[in-house]
file protein.cif (mmCIF, C-alpha atoms and all ligand atoms)
data_work
loop_
_atom_site.label_atom_id
_atom_site.label_comp_id
_atom_site.auth_asym_id
_atom_site.auth_seq_id
_atom_site.Cartn_x
_atom_site.Cartn_y
_atom_site.Cartn_z
CA MET A 150 -6.98 15.07 -13.62
CA LEU A 151 -7.02 15.97 -9.95
CA THR A 152 -8.25 19.42 -8.99
CA PRO A 153 -5.92 21.94 -7.31
CA ALA A 154 -8.03 21.46 -4.14
CA GLN A 155 -7.32 17.71 -4.17
CA VAL A 156 -3.57 18.29 -4.58
CA GLU A 157 -3.69 20.89 -1.80
CA PHE A 158 -5.52 18.42 0.47
CA PHE A 159 -2.88 15.76 -0.19
CA ASN A 160 -0.01 18.16 0.49
CA ALA A 161 -1.59 19.25 3.77
CA ASN A 162 -2.74 15.85 5.05
CA GLY A 163 -0.52 13.26 3.38
CA TYR A 164 -3.43 11.25 1.94
CA LEU A 165 -6.24 11.59 -0.58
CA ARG A 166 -9.18 9.43 -1.59
CA VAL A 167 -10.00 9.56 -5.29
CA GLU A 168 -13.43 8.21 -6.09
CA GLN A 169 -14.21 5.56 -8.69
CA VAL A 170 -10.88 5.33 -10.49
CA PHE A 171 -11.91 1.78 -11.46
CA PRO A 172 -15.35 1.46 -13.10
CA LEU A 173 -17.66 -1.41 -12.16
CA ASP A 174 -16.95 -3.67 -15.16
CA GLU A 175 -13.18 -3.42 -14.67
CA LEU A 176 -13.59 -3.92 -10.95
CA ALA A 177 -15.62 -7.09 -11.51
CA ARG A 178 -12.79 -8.58 -13.60
CA LEU A 179 -10.14 -7.62 -11.04
CA SER A 180 -12.26 -8.96 -8.20
CA ALA A 181 -12.88 -12.34 -9.89
CA ASP A 182 -9.18 -12.78 -10.67
CA LEU A 183 -8.23 -11.78 -7.16
CA ASN A 184 -10.51 -14.40 -5.67
CA MET A 185 -8.83 -17.08 -7.80
CA ILE A 186 -5.39 -15.79 -6.79
CA ILE A 187 -6.36 -15.79 -3.10
CA ASP A 188 -7.40 -19.44 -3.40
CA THR A 189 -4.29 -20.53 -5.30
CA HIS A 190 -1.11 -18.49 -4.95
CA ALA A 191 -1.60 -16.16 -1.98
CA ASP A 192 0.01 -16.49 1.45
CA TRP A 193 -2.63 -17.08 4.14
CA GLY A 194 -0.09 -16.72 6.94
CA ALA A 195 1.02 -13.16 6.28
CA ALA A 196 -0.27 -11.65 9.55
CA TRP A 197 2.12 -9.12 11.08
CA LYS A 198 3.97 -10.24 14.20
CA GLY A 199 4.48 -8.58 17.57
CA GLU A 200 3.04 -7.83 20.98
CA TRP A 201 1.19 -4.83 19.52
CA LEU A 202 -1.61 -7.21 18.41
CA LYS A 203 -2.85 -7.49 22.01
CA GLU A 204 -3.70 -3.80 22.00
CA TYR A 205 -5.74 -4.11 18.83
CA MET A 206 -7.41 -7.47 19.58
CA GLN A 207 -8.20 -8.04 23.26
CA ASP A 208 -9.62 -11.54 22.81
CA GLU A 209 -6.72 -14.03 22.99
CA ASP A 210 -8.57 -16.62 20.97
CA ALA A 211 -9.19 -14.08 18.20
CA GLN A 212 -5.49 -13.07 18.28
CA GLN A 213 -4.56 -16.66 17.39
CA LYS A 214 -6.98 -16.58 14.49
CA ALA A 215 -6.00 -13.16 13.07
CA VAL A 216 -5.59 -13.69 9.34
CA LEU A 217 -4.02 -11.57 6.65
CA VAL A 218 -3.82 -13.00 3.15
CA ALA A 219 -1.09 -11.33 1.12
CA LEU A 220 0.73 -11.62 -2.17
CA HIS A 221 3.20 -9.42 -4.02
CA GLU A 222 3.32 -8.40 -7.68
CA LEU A 223 -0.21 -9.10 -8.86
CA HIS A 224 0.76 -8.65 -12.52
CA HIS A 225 2.65 -11.95 -12.32
CA TYR A 226 -0.68 -13.71 -11.77
CA SER A 227 -3.33 -12.00 -13.89
CA ALA A 228 -3.51 -10.05 -17.14
CA ASN A 229 -6.42 -8.00 -15.79
CA TRP A 230 -4.21 -6.98 -12.87
CA MET A 231 -1.39 -6.16 -15.28
CA ARG A 232 -3.76 -3.68 -16.93
CA GLY A 233 -5.21 -2.48 -13.64
CA LEU A 234 -1.87 -1.69 -12.01
CA THR A 235 -0.73 0.30 -15.03
CA LYS A 236 -3.98 2.25 -15.36
CA PRO A 237 -3.08 5.69 -16.79
CA GLU A 238 -5.56 7.53 -14.53
CA MET A 239 -3.78 6.18 -11.45
CA ALA A 240 -0.31 7.00 -12.85
CA ASP A 241 -1.41 10.51 -13.83
CA ALA A 242 -2.86 11.19 -10.38
CA ALA A 243 0.37 9.92 -8.78
CA GLY A 244 2.39 12.17 -11.09
CA GLN A 245 0.33 15.17 -10.07
CA LEU A 246 0.64 14.40 -6.37
CA MET A 247 4.41 13.88 -6.58
CA ASP A 248 4.75 16.81 -8.99
CA THR A 249 6.64 14.72 -11.51
CA GLU A 250 6.35 13.82 -15.19
CA CYS A 251 7.69 10.30 -14.67
CA VAL A 252 6.28 7.55 -12.48
CA GLU A 253 7.53 3.99 -11.93
CA ILE A 254 5.70 1.13 -10.21
CA HIS A 255 7.87 -0.09 -7.35
CA HIS A 256 5.69 -2.97 -6.12
CA SER A 257 2.15 -4.19 -5.61
CA THR A 258 0.86 -6.08 -2.56
CA LEU A 259 -2.49 -7.68 -1.80
CA HIS A 260 -3.95 -7.20 1.69
CA ALA A 261 -7.06 -9.31 2.24
CA LYS A 262 -8.59 -9.27 5.71
CA LYS A 263 -10.55 -12.44 6.40
CA PRO A 264 -14.14 -12.14 7.62
CA GLY A 265 -14.49 -11.99 11.40
CA THR A 266 -10.80 -12.12 12.30
CA GLY A 267 -9.13 -10.11 9.53
CA GLN A 268 -5.96 -8.84 11.17
CA PRO A 269 -5.50 -5.19 12.14
CA PHE A 270 -2.42 -3.11 11.22
CA PRO A 271 -0.58 -1.19 13.94
CA MET A 272 0.22 2.46 13.29
CA HIS A 273 3.32 2.70 11.09
CA GLN A 274 4.89 4.41 8.12
CA ASP A 275 5.71 2.39 5.02
CA VAL A 276 9.24 3.77 4.76
CA PRO A 277 10.85 1.07 7.02
CA PHE A 278 9.57 -1.60 4.63
CA TYR A 279 11.14 0.00 1.54
CA PRO A 280 13.42 2.89 2.50
CA HIS A 281 14.11 5.43 -0.23
CA SER A 282 16.49 8.39 -0.46
CA ASP A 283 13.73 10.99 -0.39
CA GLY A 284 9.97 11.49 -0.19
CA ARG A 285 9.04 11.21 -3.88
CA TYR A 286 7.09 8.01 -3.27
CA LEU A 287 3.44 7.28 -2.61
CA ASP A 288 1.26 4.26 -2.08
CA ALA A 289 -2.09 3.80 -3.76
CA LEU A 290 -4.69 1.52 -2.15
CA VAL A 291 -6.95 0.05 -4.82
CA HIS A 292 -10.18 -0.94 -3.05
CA LEU A 293 -11.88 -4.12 -4.22
CA ASP A 294 -14.55 -3.98 -1.51
CA ASP A 295 -16.24 -1.15 0.31
CA ALA A 296 -14.01 -0.40 3.31
CA THR A 297 -15.80 0.73 6.45
CA GLU A 298 -15.15 1.28 10.14
CA ALA A 299 -16.52 -2.22 10.77
CA ASN A 300 -14.28 -4.09 8.34
CA GLY A 301 -11.06 -2.20 9.06
CA CYS A 302 -10.77 0.74 6.69
CA ILE A 303 -7.49 2.63 6.48
CA LYS A 304 -6.80 5.39 9.03
CA PHE A 305 -4.23 8.19 8.82
CA LEU A 306 -2.63 10.65 11.21
CA ALA A 307 -3.34 13.77 9.18
CA GLY A 308 -0.24 15.76 8.29
CA SER A 309 2.16 13.16 9.73
CA HIS A 310 4.09 12.89 6.43
CA LYS A 311 5.66 16.21 7.42
CA LEU A 312 7.48 14.41 10.28
CA GLY A 313 9.73 12.58 7.79
CA PRO A 314 10.90 9.00 8.43
CA LEU A 315 10.39 7.97 12.08
CA GLU A 316 12.15 5.34 14.15
CA HIS A 317 10.00 2.19 14.40
CA ILE A 318 9.92 -0.66 16.89
CA SER A 319 11.14 -3.75 15.04
CA GLY A 320 12.98 -7.03 15.46
CA PRO A 321 13.30 -10.53 14.02
CA GLU A 322 9.81 -11.46 15.26
CA VAL A 323 8.37 -7.95 15.28
CA THR A 324 7.04 -6.23 12.17
CA PRO A 325 8.00 -2.52 12.17
CA HIS A 326 5.42 -0.35 13.94
CA LEU A 327 5.16 2.81 16.05
CA PRO A 328 4.45 2.89 19.80
CA SER A 329 0.69 3.24 20.30
CA SER A 330 1.31 5.55 23.29
CA GLU A 331 2.76 8.18 20.95
CA TYR A 332 0.79 7.35 17.82
CA PRO A 333 -2.63 6.08 18.97
CA ILE A 334 -4.97 4.78 16.30
CA SER A 335 -7.77 6.63 18.13
CA LYS A 336 -6.23 9.91 16.90
CA ALA A 337 -6.22 8.77 13.29
CA VAL A 338 -8.77 9.88 10.69
CA SER A 339 -10.81 7.04 9.18
CA VAL A 340 -10.97 7.02 5.42
CA PRO A 341 -13.83 4.74 4.41
CA ALA A 342 -13.85 4.02 0.69
CA LYS A 343 -16.06 2.41 -1.93
CA ALA A 344 -14.96 -0.45 -4.13
CA GLY A 345 -13.26 1.19 -7.12
CA ASP A 346 -11.85 4.10 -5.09
CA VAL A 347 -8.12 4.63 -4.75
CA VAL A 348 -6.63 6.09 -1.57
CA PHE A 349 -3.21 7.66 -2.09
CA PHE A 350 -0.82 8.34 0.77
CA HIS A 351 2.74 9.53 1.22
CA LEU A 352 5.58 7.12 2.11
CA TRP A 353 5.92 8.94 5.43
CA THR A 354 2.23 9.22 6.41
CA VAL A 355 1.52 7.35 9.65
CA HIS A 356 -1.38 4.91 9.20
CA GLY A 357 -3.01 1.74 10.47
CA SER A 358 -6.33 -0.11 10.45
CA ASN A 359 -8.55 -2.15 12.75
CA VAL A 360 -9.85 -5.72 12.73
CA ASN A 361 -12.35 -6.84 10.11
CA ARG A 362 -15.30 -7.83 12.29
CA THR A 363 -17.81 -8.28 9.49
CA PRO A 364 -18.81 -11.55 7.79
CA HIS A 365 -17.26 -10.36 4.50
CA TRP A 366 -13.72 -10.05 3.12
CA ARG A 367 -12.03 -6.65 2.98
CA ARG A 368 -9.63 -6.78 0.02
CA LEU A 369 -7.30 -4.08 -1.24
CA VAL A 370 -4.14 -3.96 -3.32
CA ARG A 371 -1.41 -1.48 -2.48
CA VAL A 372 0.59 -0.12 -5.41
CA GLY A 373 3.89 1.61 -4.62
CA LEU A 374 4.57 4.43 -7.10
CA ARG A 375 7.73 6.52 -7.18
CA ASP A 376 9.65 9.09 -9.09
CA PRO A 377 12.45 6.93 -10.59
CA ARG A 378 15.00 9.50 -9.38
CA ASN A 379 14.17 8.51 -5.81
CA VAL A 380 16.74 5.77 -5.25
CA GLN A 381 15.81 2.83 -2.99
CA VAL A 382 18.24 2.06 -0.18
CA GLY A 383 16.84 -1.22 1.22
CA GLY A 384 13.85 -3.49 1.87
CA GLN A 385 11.06 -4.93 -0.26
CA ALA A 386 11.73 -5.17 -4.01
CA MET A 387 15.25 -3.76 -3.63
CA GLY A 388 17.54 -4.15 -6.61
CA ARG A 389 15.13 -4.18 -9.49
CA PRO A 390 13.64 -1.55 -11.79
CA GLY A 391 9.85 -1.32 -12.11
CA LEU A 392 7.43 -0.70 -14.95
CA MET A 393 7.24 2.90 -16.14
CA VAL A 394 3.60 3.98 -16.02
CA LYS A 395 4.11 7.65 -16.87
CA GLY A 396 6.78 9.46 -18.89
CA VAL A 397 10.31 8.33 -19.70
CA ARG A 398 12.85 6.98 -17.20
CA PRO A 399 15.39 9.69 -16.46
CA LYS A 400 19.05 8.73 -16.35
CA VAL A 401 20.11 8.24 -12.75
CA ALA A 402 23.83 7.99 -11.95
CA GLY A 403 24.83 4.43 -11.08
CA GLN A 404 21.61 2.88 -12.41
CA THR A 405 21.77 0.75 -15.53
CA ILE A 406 19.23 -1.96 -16.23
CA SER A 407 21.21 -5.14 -16.87
CA VAL A 408 20.47 -7.90 -19.34
CA TYR A 409 18.94 -9.80 -16.39
CA GLY A 410 16.43 -7.02 -15.77
CA ASN A 411 17.89 -5.88 -12.46
CA TRP A 412 20.17 -2.96 -11.64
CA GLY A 413 23.59 -4.09 -12.77
CA ALA A 414 26.38 -4.00 -15.26
CA PRO A 415 25.40 -3.06 -18.81
CA ALA A 416 24.91 -5.93 -21.27
CA LYS A 417 28.03 -6.57 -23.37
O1 LIG A 501 -4.61 -3.02 4.53
C1 LIG A 501 -4.65 -2.26 5.51
O2 LIG A 501 -5.65 -2.11 6.20
C2 LIG A 501 -3.42 -1.51 5.93
C3 LIG A 501 -2.56 -1.17 4.79
C4 LIG A 501 -1.22 -0.74 5.22
O3 LIG A 501 -0.94 -0.51 6.36
C5 LIG A 501 -0.20 -0.60 4.21
O4 LIG A 501 -0.48 -0.88 3.05
O5 LIG A 501 0.92 -0.20 4.56
#
call {"tool": "encode", "arguments": {"input": "protein.cif", "output": "structure tokens", "more": "lines below"}}
Ligand SMILES: O=C(O)CCC(=O)C(=O)O
result
Amino acid sequence: MLTPAQVEFFNANGYLRVEQVFPLDELARLSADLNMIIDTHADWGAAWKGEWLKEYMQDEDAQQKAVLVALHELHHYSANWMRGLTKPEMADAAGQLMDTECVEIHHSTLHAKKPGTGQPFPMHQDVPFYPHSDGRYLDALVHLDDATEANGCIKFLAGSHKLGPLEHISGPEVTPHLPSSEYPISKAVSVPAKAGDVVFFHLWTVHGSNVNRTPHWRRLVRVGLRDPRNVQVGGQAMGRPGLMVKGVRPKVAGQTISVYGNWGAPAK
């Protein structure tokens, strides 16, 4: 259970670090599976595109070598991750922060920053990647490694979730991001975390992170958690229901889970 002070902090700032949600033994299993997944299934060419990179990495040679290893839906690859993503403590905390009795997993995504040249993330909100009808959505960053200033920990513009969805720079070869002149990463609050911590943040909180300059990986898995009444209108994982991790799915007009497991016509 989160304390009222933690909920108040989240409401004021749009993010919250919760310590040691995953104990060491569980973390060791998740970490070992993740390493296997990184070597087998993951996409090593997932670095975000755009001119913004030059502002975050001055060295042209390093820019060419910026690496992000990513993969979606970790429960498709590992039973330990299936259990980890559905961890009741994480669902309960999300329910408290969204003030709801029902929570659905929308997606999960691995972000592994390679040693030395692990790619930075420009300041952005997550809403352009998976737009939803309202704000009853948060992301949870499950930390597999200690995240520090040196390896590119997450950074937030405190209170920016109150701005609502913002217009982002985007294009066919440009991943959505905010102009650094208006949303400089230097103004963002660093949130270092220990392996096993979970950092929650609102769908509208502006955030980013710097290059991993250390000789070690910085791995985290983002879990998108929503109130099922918050209907998705586009983007990643559109068109499919997710696993319920807290409560019972409420009936939402126009949403019926089809025999194929997506939103569609009822099975005959
Ligand atoms: O992995 C990171 O450092 C950044 C994460 C992020 O920007 C996101 O999950 O939207």
call {"tool": "residues_near_point", "arguments": {"input": "protein.cif", "point": "(16.3, -1.0, -11.7)", "cutoff": "12 Å", "atoms": "all atoms listed in the file", "output": "ChimeraX atom specification"}}
result
/A:253-255,377-381,386-393,398-415
call {"tool": "closest_residue", "arguments": {"input": "protein.cif", "among": "A:Pro328, A:Pro172, A:Gly301, A:Pro277", "to": "Arg367 (chain A)", "atoms": "only C-alpha atoms"}}
result
A:Gly301
call {"tool": "residues_around", "arguments": {"input": "protein.cif", "residues": "Pro269 (chain A)", "least_positions_apart": "5", "cutoff": "9 Å", "atoms": "all atoms listed in the file", "output": "VMD selection string"}}
result
chain A and resid 196 to 197 202 205 to 206 215 to 217 262 301 357 to 361
call {"tool": "closest_residue", "arguments": {"input": "protein.cif", "among": "A:Asp182, A:Arg285, A:Leu327, A:Tyr279", "to": "Thr249 (chain A)", "atoms": "all atoms listed in the file"}}
result
A:Arg285
call {"tool": "closest_residue", "arguments": {"input": "protein.cif", "among": "A:Ala307, A:Val170, A:Ala342, A:Ala191", "to": "ligand LIG 501 (chain A)", "atoms": "only C-alpha atoms and all ligand atoms"}}
result
A:Ala342
call {"tool": "atom_distance", "arguments": {"input": "protein.cif", "atom1": "CA of Leu151 (chain A)", "atom2": "CA of Asp241 (chain A)"}}
result
8.7 Å
call {"tool": "residues_near_ligand", "arguments": {"input": "protein.cif", "ligand": "ligand LIG 501 (chain A)", "cutoff": "10 Å", "atoms": "all atoms listed in the file", "output": "JSON, numbers by chain"}}
result
{"A": [217, 219, 257, 258, 259, 260, 261, 262, 267, 268, 269, 270, 271, 272, 273, 274, 275, 276, 278, 288, 289, 290, 292, 296, 300, 301, 302, 303, 304, 305, 326, 350, 352, 354, 355, 356, 357, 358, 359, 360, 361, 367, 368, 369, 370, 371, 372, 373]}
call {"tool": "atom_distance", "arguments": {"input": "protein.cif", "atom1": "CA of Tyr286 (chain A)", "atom2": "CA of Glu322 (chain A)"}}
result
27.0 Å
call {"tool": "atom_distance", "arguments": {"input": "protein.cif", "atom1": "CA of Arg178 (chain A)", "atom2": "CA of Asn229 (chain A)"}}
result
6.8 Å
call {"tool": "closest_residue", "arguments": {"input": "protein.cif", "among": "A:Ala337, A:Val382, A:Leu287, A:Leu306", "to": "Asn162 (chain A)", "atoms": "all atoms listed in the file"}}
result
A:Leu306
call {"tool": "residues_around", "arguments": {"input": "protein.cif", "residues": "region 344-348 of chain A", "least_positions_apart": "5", "cutoff": "6 Å", "atoms": "only C-alpha atoms", "output": "PyMOL selection string"}}
result
chain A and resi 165-171+289-295
call {"tool": "closest_residue", "arguments": {"input": "protein.cif", "among": "A:Lys395, A:Lys311, A:His281, A:Lys198", "to": "Gln213 (chain A)", "atoms": "only C-alpha atoms"}}
result
A:Lys198
call {"tool": "closest_residue", "arguments": {"input": "protein.cif", "among": "A:Thr266, A:Ser309, A:Arg362, A:Leu315", "to": "Lys336 (chain A)", "atoms": "only C-alpha atoms"}}
result
A:Ser309
call {"tool": "axis_aligned_box", "arguments": {"input": "protein.cif", "around": "region 362-366 of chain A", "padding_each_side": "3 Å", "output": "lines of an AutoDock Vina configuration file"}}
result
center_x = -16.3
center_y = -9.7
center_z = 7.7
size_x = 11.1
size_y = 9.7
size_z = 15.2
call {"tool": "decode", "arguments": {"input": "protein.cif", "residues": "region 150-190 of chain A", "atoms": "N, CA and C atoms", "output": "PDB file, in the first residue's frame"}}
result
ATOM      1  N   MET A 150       0.839  -1.209   0.000  1.00  0.00           N
ATOM      2  CA  MET A 150       0.000   0.000   0.000  1.00  0.00           C
ATOM      3  C   MET A 150       0.874   1.259   0.000  1.00  0.00           C
ATOM      4  N   LEU A 151       0.552   2.172  -0.857  1.00  0.00           N
ATOM      5  CA  LEU A 151       1.268   3.451  -0.837  1.00  0.00           C
ATOM      6  C   LEU A 151       0.715   4.309   0.290  1.00  0.00           C
ATOM      7  N   THR A 152       1.544   5.197   0.812  1.00  0.00           N
ATOM      8  CA  THR A 152       1.079   6.104   1.866  1.00  0.00           C
ATOM      9  C   THR A 152       0.361   7.297   1.216  1.00  0.00           C
ATOM     10  N   PRO A 153      -0.473   7.997   1.982  1.00  0.00           N
ATOM     11  CA  PRO A 153      -1.106   9.202   1.427  1.00  0.00           C
ATOM     12  C   PRO A 153      -0.057  10.204   0.935  1.00  0.00           C
ATOM     13  N   ALA A 154       1.102  10.270   1.595  1.00  0.00           N
ATOM     14  CA  ALA A 154       2.150  11.215   1.160  1.00  0.00           C
ATOM     15  C   ALA A 154       2.683  10.830  -0.217  1.00  0.00           C
ATOM     16  N   GLN A 155       2.811   9.514  -0.468  1.00  0.00           N
ATOM     17  CA  GLN A 155       3.292   9.075  -1.789  1.00  0.00           C
ATOM     18  C   GLN A 155       2.278   9.420  -2.885  1.00  0.00           C
ATOM     19  N   VAL A 156       0.996   9.211  -2.583  1.00  0.00           N
ATOM     20  CA  VAL A 156      -0.045   9.526  -3.577  1.00  0.00           C
ATOM     21  C   VAL A 156      -0.061  11.036  -3.836  1.00  0.00           C
ATOM     22  N   GLU A 157       0.094  11.791  -2.748  1.00  0.00           N
ATOM     23  CA  GLU A 157       0.111  13.262  -2.878  1.00  0.00           C
ATOM     24  C   GLU A 157       1.310  13.711  -3.729  1.00  0.00           C
ATOM     25  N   PHE A 158       2.454  13.074  -3.509  1.00  0.00           N
ATOM     26  CA  PHE A 158       3.652  13.417  -4.290  1.00  0.00           C
ATOM     27  C   PHE A 158       3.402  13.146  -5.776  1.00  0.00           C
ATOM     28  N   PHE A 159       2.813  11.986  -6.062  1.00  0.00           N
ATOM     29  CA  PHE A 159       2.536  11.638  -7.468  1.00  0.00           C
ATOM     30  C   PHE A 159       1.578  12.653  -8.090  1.00  0.00           C
ATOM     31  N   ASN A 160       0.526  12.987  -7.360  1.00  0.00           N
ATOM     32  CA  ASN A 160      -0.460  13.927  -7.920  1.00  0.00           C
ATOM     33  C   ASN A 160       0.162  15.297  -8.189  1.00  0.00           C
ATOM     34  N   ALA A 161       1.104  15.699  -7.345  1.00  0.00           N
ATOM     35  CA  ALA A 161       1.728  17.015  -7.508  1.00  0.00           C
ATOM     36  C   ALA A 161       2.781  17.009  -8.617  1.00  0.00           C
ATOM     37  N   ASN A 162       3.546  15.905  -8.697  1.00  0.00           N
ATOM     38  CA  ASN A 162       4.725  15.901  -9.576  1.00  0.00           C
ATOM     39  C   ASN A 162       4.587  15.075 -10.846  1.00  0.00           C
ATOM     40  N   GLY A 163       3.646  14.136 -10.852  1.00  0.00           N
ATOM     41  CA  GLY A 163       3.449  13.305 -12.041  1.00  0.00           C
ATOM     42  C   GLY A 163       4.372  12.111 -12.110  1.00  0.00           C
ATOM     43  N   TYR A 164       5.119  11.834 -11.044  1.00  0.00           N
ATOM     44  CA  TYR A 164       5.956  10.632 -10.992  1.00  0.00           C
ATOM     45  C   TYR A 164       6.155  10.217  -9.541  1.00  0.00           C
ATOM     46  N   LEU A 165       6.569   8.980  -9.351  1.00  0.00           N
ATOM     47  CA  LEU A 165       6.836   8.478  -7.998  1.00  0.00           C
ATOM     48  C   LEU A 165       7.733   7.255  -8.085  1.00  0.00           C
ATOM     49  N   ARG A 166       8.791   7.261  -7.289  1.00  0.00           N
ATOM     50  CA  ARG A 166       9.638   6.051  -7.204  1.00  0.00           C
ATOM     51  C   ARG A 166       9.190   5.229  -5.997  1.00  0.00           C
ATOM     52  N   VAL A 167       8.914   3.962  -6.224  1.00  0.00           N
ATOM     53  CA  VAL A 167       8.551   3.066  -5.124  1.00  0.00           C
ATOM     54  C   VAL A 167       9.694   2.066  -4.975  1.00  0.00           C
ATOM     55  N   GLU A 168      10.244   2.022  -3.779  1.00  0.00           N
ATOM     56  CA  GLU A 168      11.456   1.225  -3.566  1.00  0.00           C
ATOM     57  C   GLU A 168      11.158  -0.264  -3.434  1.00  0.00           C
ATOM     58  N   GLN A 169      12.037  -1.053  -4.003  1.00  0.00           N
ATOM     59  CA  GLN A 169      12.094  -2.505  -3.814  1.00  0.00           C
ATOM     60  C   GLN A 169      10.745  -3.206  -3.925  1.00  0.00           C
ATOM     61  N   VAL A 170      10.078  -2.966  -5.026  1.00  0.00           N
ATOM     62  CA  VAL A 170       8.828  -3.687  -5.332  1.00  0.00           C
ATOM     63  C   VAL A 170       9.178  -5.143  -5.677  1.00  0.00           C
ATOM     64  N   PHE A 171      10.342  -5.323  -6.295  1.00  0.00           N
ATOM     65  CA  PHE A 171      10.799  -6.671  -6.681  1.00  0.00           C
ATOM     66  C   PHE A 171      11.963  -7.081  -5.781  1.00  0.00           C
ATOM     67  N   PRO A 172      11.770  -8.127  -4.954  1.00  0.00           N
ATOM     68  CA  PRO A 172      12.866  -8.575  -4.089  1.00  0.00           C
ATOM     69  C   PRO A 172      13.996  -9.223  -4.895  1.00  0.00           C
ATOM     70  N   LEU A 173      15.151  -9.352  -4.246  1.00  0.00           N
ATOM     71  CA  LEU A 173      16.369  -9.783  -4.945  1.00  0.00           C
ATOM     72  C   LEU A 173      16.248 -11.110  -5.685  1.00  0.00           C
ATOM     73  N   ASP A 174      15.584 -12.112  -5.059  1.00  0.00           N
ATOM     74  CA  ASP A 174      15.504 -13.428  -5.704  1.00  0.00           C
ATOM     75  C   ASP A 174      14.669 -13.348  -6.993  1.00  0.00           C
ATOM     76  N   GLU A 175      13.566 -12.607  -6.915  1.00  0.00           N
ATOM     77  CA  GLU A 175      12.700 -12.449  -8.089  1.00  0.00           C
ATOM     78  C   GLU A 175      13.448 -11.672  -9.186  1.00  0.00           C
ATOM     79  N   LEU A 176      14.150 -10.653  -8.735  1.00  0.00           N
ATOM     80  CA  LEU A 176      14.904  -9.805  -9.658  1.00  0.00           C
ATOM     81  C   LEU A 176      15.976 -10.619 -10.401  1.00  0.00           C
ATOM     82  N   ALA A 177      16.606 -11.536  -9.673  1.00  0.00           N
ATOM     83  CA  ALA A 177      17.659 -12.357 -10.284  1.00  0.00           C
ATOM     84  C   ALA A 177      17.072 -13.215 -11.401  1.00  0.00           C
ATOM     85  N   ARG A 178      15.866 -13.757 -11.180  1.00  0.00           N
ATOM     86  CA  ARG A 178      15.222 -14.576 -12.222  1.00  0.00           C
ATOM     87  C   ARG A 178      14.840 -13.716 -13.436  1.00  0.00           C
ATOM     88  N   LEU A 179      14.286 -12.540 -13.156  1.00  0.00           N
ATOM     89  CA  LEU A 179      13.883 -11.646 -14.254  1.00  0.00           C
ATOM     90  C   LEU A 179      15.098 -11.200 -15.053  1.00  0.00           C
ATOM     91  N   SER A 180      16.172 -10.905 -14.332  1.00  0.00           N
ATOM     92  CA  SER A 180      17.390 -10.412 -14.965  1.00  0.00           C
ATOM     93  C   SER A 180      18.003 -11.485 -15.873  1.00  0.00           C
ATOM     94  N   ALA A 181      18.053 -12.727 -15.370  1.00  0.00           N
ATOM     95  CA  ALA A 181      18.652 -13.817 -16.167  1.00  0.00           C
ATOM     96  C   ALA A 181      17.828 -14.049 -17.428  1.00  0.00           C
ATOM     97  N   ASP A 182      16.503 -14.065 -17.286  1.00  0.00           N
ATOM     98  CA  ASP A 182      15.644 -14.270 -18.466  1.00  0.00           C
ATOM     99  C   ASP A 182      15.811 -13.126 -19.453  1.00  0.00           C
ATOM    100  N   LEU A 183      15.906 -11.916 -18.919  1.00  0.00           N
ATOM    101  CA  LEU A 183      16.028 -10.752 -19.792  1.00  0.00           C
ATOM    102  C   LEU A 183      17.318 -10.821 -20.610  1.00  0.00           C
ATOM    103  N   ASN A 184      18.382 -11.262 -19.975  1.00  0.00           N
ATOM    104  CA  ASN A 184      19.640 -11.378 -20.716  1.00  0.00           C
ATOM    105  C   ASN A 184      19.520 -12.368 -21.870  1.00  0.00           C
ATOM    106  N   MET A 185      18.807 -13.467 -21.622  1.00  0.00           N
ATOM    107  CA  MET A 185      18.610 -14.453 -22.707  1.00  0.00           C
ATOM    108  C   MET A 185      17.767 -13.840 -23.824  1.00  0.00           C
ATOM    109  N   ILE A 186      16.736 -13.091 -23.417  1.00  0.00           N
ATOM    110  CA  ILE A 186      15.826 -12.479 -24.402  1.00  0.00           C
ATOM    111  C   ILE A 186      16.570 -11.429 -25.230  1.00  0.00           C
ATOM    112  N   ILE A 187      17.435 -10.666 -24.562  1.00  0.00           N
ATOM    113  CA  ILE A 187      18.223  -9.634 -25.270  1.00  0.00           C
ATOM    114  C   ILE A 187      19.106 -10.296 -26.332  1.00  0.00           C
ATOM    115  N   ASP A 188      19.656 -11.458 -26.001  1.00  0.00           N
ATOM    116  CA  ASP A 188      20.553 -12.148 -26.946  1.00  0.00           C
ATOM    117  C   ASP A 188      19.805 -12.866 -28.057  1.00  0.00           C
ATOM    118  N   THR A 189      18.515 -13.118 -27.883  1.00  0.00           N
ATOM    119  CA  THR A 189      17.794 -13.937 -28.868  1.00  0.00           C
ATOM    120  C   THR A 189      16.745 -13.136 -29.647  1.00  0.00           C
ATOM    121  N   HIS A 190      15.743 -12.655 -28.948  1.00  0.00           N
ATOM    122  CA  HIS A 190      14.569 -12.082 -29.623  1.00  0.00           C
ATOM    123  C   HIS A 190      14.605 -10.565 -29.811  1.00  0.00           C
TER     124      HIS A 190
END
